[in-house]
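Trainee: Quick one: this structure, given as structure tokens, is what I'll be asking you about.
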Amino acid sequence: MSVSLIRSASVLLCLPAGIAPTEAAGAKPVLRIENGFQQTVVVSAGSELSFGPPRQSAIQPGGTSAGEITISLAAGPAAGIAKLHVLERSAVPIGFTVTAWQGRKSIAVVKLCGHLEINSWVVLPIETTHVDVSDFFPVKDGCD
């Protein structure tokens, strides 16, 4: 299986064997996005990032307002790929980690570096059924 990286590519990729999502008390949110859906979340960047409740909907154009990030997942045989799409209209670029899942099995982990006002996307394995988006961080001088 190969994973291709496309467009707006400040990306780190690794393929782990079977990890499960976790969330520690007081941690930043973990967004679970199913194939064919998107989530939009309000992000405020003060001394720390703070998040509003996510809004989930079927994938549709538009709908990302100032101060928000929208992340969608489209996968399937018709497309031949799984594509994670990101649009950031937050005050500062926000990076995060994406874990791609095939059912209950982790199949890829990607670290994305935030870009403002740019439609960014990355290709994931076609078998991706859902993703967990976590470990949000403000991007200052690029990603490590």
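Just remember, in the structure tokens the first chain shown is A, the second B, etc., residues are 1-based per chain, and ligands are 1-based in the order shown.
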Find the residues near region 116-119 of chain A: any atom within 9 Å, counting only C-alpha atoms, skip ones fewer than 2 places away on the same chain, and give them as JSON, numbers by chain.
Mentor: {"A": [7, 8, 85, 86, 87, 88, 89, 90, 91, 92, 93, 94, 114, 121]}
Trainee: Between A:Gln39, A:Thr70, A:Gln102, A:Thr128, which one has atoms that come closest to Arg55 (chain A), using only C-alpha atoms?
Mentor: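 Counting only C-alpha atoms, the residue closest to Arg55 (chain A) is A:Gln39.
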Trainee: Please identify all polymer residues within 10 Å of Ser44 (chain A), counting only C-alpha atoms, omitting same-chain residues fewer than 3 positions from it, and present them as a list of chain:residue names.
Mentor: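 Listed by chain and then number, they are A:Val41, A:Ser47, A:Glu48, A:Leu49, A:Ser50, A:Phe51, A:Gly52, A:Gly67, A:Glu68, A:Ser90, A:Ala91, A:Val92.
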Trainee: In Å, how far is it from CA of Trp101 (chain A) to CA of Val131 (chain A)?
Mentor: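 Separation of CA of Trp101 (chain A) and CA of Val131 (chain A): 5.8 Å.
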Trainee: Using only C-alpha atoms, which residues sit within 10 Å of region 82-84 of chain A once same-chain residues fewer than 3 positions away are excluded, as an mmCIF file with C-alpha atoms, in the first residue's frame?
Mentor:
```
data_model
loop_
_atom_site.group_PDB
_atom_site.id
_atom_site.type_symbol
_atom_site.label_atom_id
_atom_site.label_comp_id
_atom_site.auth_asym_id
_atom_site.auth_seq_id
_atom_site.Cartn_x
_atom_site.Cartn_y
_atom_site.Cartn_z
ATOM 1 C CA VAL A 3 0.220 6.804 0.454
ATOM 2 C CA LEU A 5 0.952 13.344 -0.452
ATOM 3 C CA ILE A 6 -0.522 16.078 -2.573
ATOM 4 C CA ILE A 33 -14.759 12.399 10.858
ATOM 5 C CA ASN A 35 -16.204 9.153 5.177
ATOM 6 C CA GLN A 38 -17.046 17.257 7.296
ATOM 7 C CA ILE A 71 -11.977 19.257 7.706
ATOM 8 C CA SER A 72 -13.662 16.696 5.421
ATOM 9 C CA LEU A 73 -13.015 13.107 4.351
ATOM 10 C CA ALA A 74 -14.008 11.722 0.940
ATOM 11 C CA ALA A 75 -13.016 8.149 0.097
ATOM 12 C CA GLY A 76 -14.229 5.516 -2.276
ATOM 13 C CA PRO A 77 -13.682 3.396 -5.352
ATOM 14 C CA ALA A 79 -12.507 8.529 -6.585
ATOM 15 C CA VAL A 98 -4.626 12.886 11.517
ATOM 16 C CA ALA A 100 -6.612 7.239 9.323
ATOM 17 C CA SER A 120 -5.236 22.051 1.386
ATOM 18 C CA TRP A 121 -5.573 18.324 0.999
ATOM 19 C CA VAL A 122 -3.676 15.118 1.511
ATOM 20 C CA VAL A 123 -4.262 11.672 0.047
ATOM 21 C CA LEU A 124 -4.791 8.804 2.511
ATOM 22 C CA PRO A 125 -5.087 5.059 1.847
ATOM 23 C CA ILE A 126 -8.289 4.268 -0.099
ATOM 24 C CA GLU A 127 -9.329 1.843 2.660
ATOM 25 C CA THR A 128 -9.826 4.787 5.094
ATOM 26 C CA THR A 129 -13.280 4.607 6.722
ATOM 27 C CA HIS A 130 -12.803 7.488 9.162
ATOM 28 C CA VAL A 131 -10.141 9.730 10.666
#
```
Trainee: Going by DSSP on the backbone, which residues of region 28-82 of chain A come out as strand (DSSP E)? List them as a ChimeraX atom specification.
Mentor: /A:31-34,37-45,49-51,55-58,68-76,81-82
Trainee: Output C-alpha atoms for every residue in the selection just made, as a short mmCIF file (atom, residue, chain, number, x, y, z; two decimals), in the first residue's frame.
Mentor:
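File produced: part_33.cif:
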```
data_model
loop_
_atom_site.label_atom_id
_atom_site.label_comp_id
_atom_site.auth_asym_id
_atom_site.auth_seq_id
_atom_site.Cartn_x
_atom_site.Cartn_y
_atom_site.Cartn_z
CA LEU A 31 -12.54 15.15 16.02
CA ARG A 32 -13.80 11.89 14.50
CA ILE A 33 -14.76 12.40 10.86
CA GLU A 34 -16.52 9.65 8.94
CA PHE A 37 -18.72 14.08 6.15
CA GLN A 38 -17.05 17.26 7.30
CA GLN A 39 -16.64 18.99 10.63
CA THR A 40 -16.26 22.71 11.15
CA VAL A 41 -14.92 24.07 14.41
CA VAL A 42 -14.37 27.61 15.74
CA VAL A 43 -10.76 28.16 16.87
CA SER A 44 -9.52 31.03 19.04
CA ALA A 45 -5.79 31.60 19.40
CA LEU A 49 -5.82 27.44 21.46
CA SER A 50 -9.47 27.14 22.43
CA PHE A 51 -12.18 25.39 20.44
CA ARG A 55 -20.56 21.17 13.56
CA GLN A 56 -20.89 18.03 11.44
CA SER A 57 -22.55 17.88 8.03
CA ALA A 58 -22.36 16.04 4.75
CA GLU A 68 -13.06 28.45 11.71
CA ILE A 69 -11.43 25.30 10.30
CA THR A 70 -13.35 22.79 8.16
CA ILE A 71 -11.98 19.26 7.71
CA SER A 72 -13.66 16.70 5.42
CA LEU A 73 -13.01 13.11 4.35
CA ALA A 74 -14.01 11.72 0.94
CA ALA A 75 -13.02 8.15 0.10
CA GLY A 76 -14.23 5.52 -2.28
CA ILE A 81 -8.36 7.61 -3.26
CA ALA A 82 -9.26 8.86 0.20
#
```
Trainee: Just give me the gap between CA of Val110 (chain A) and CA of Phe96 (chain A) in Å, one decimal is fine.
Mentor: 8.5 Å
Trainee: Just how far from CA of Val139 (chain A) is CA of Ser106 (chain A), in Å to one decimal?
Mentor: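 These atoms are spaced 25.7 Å apart.
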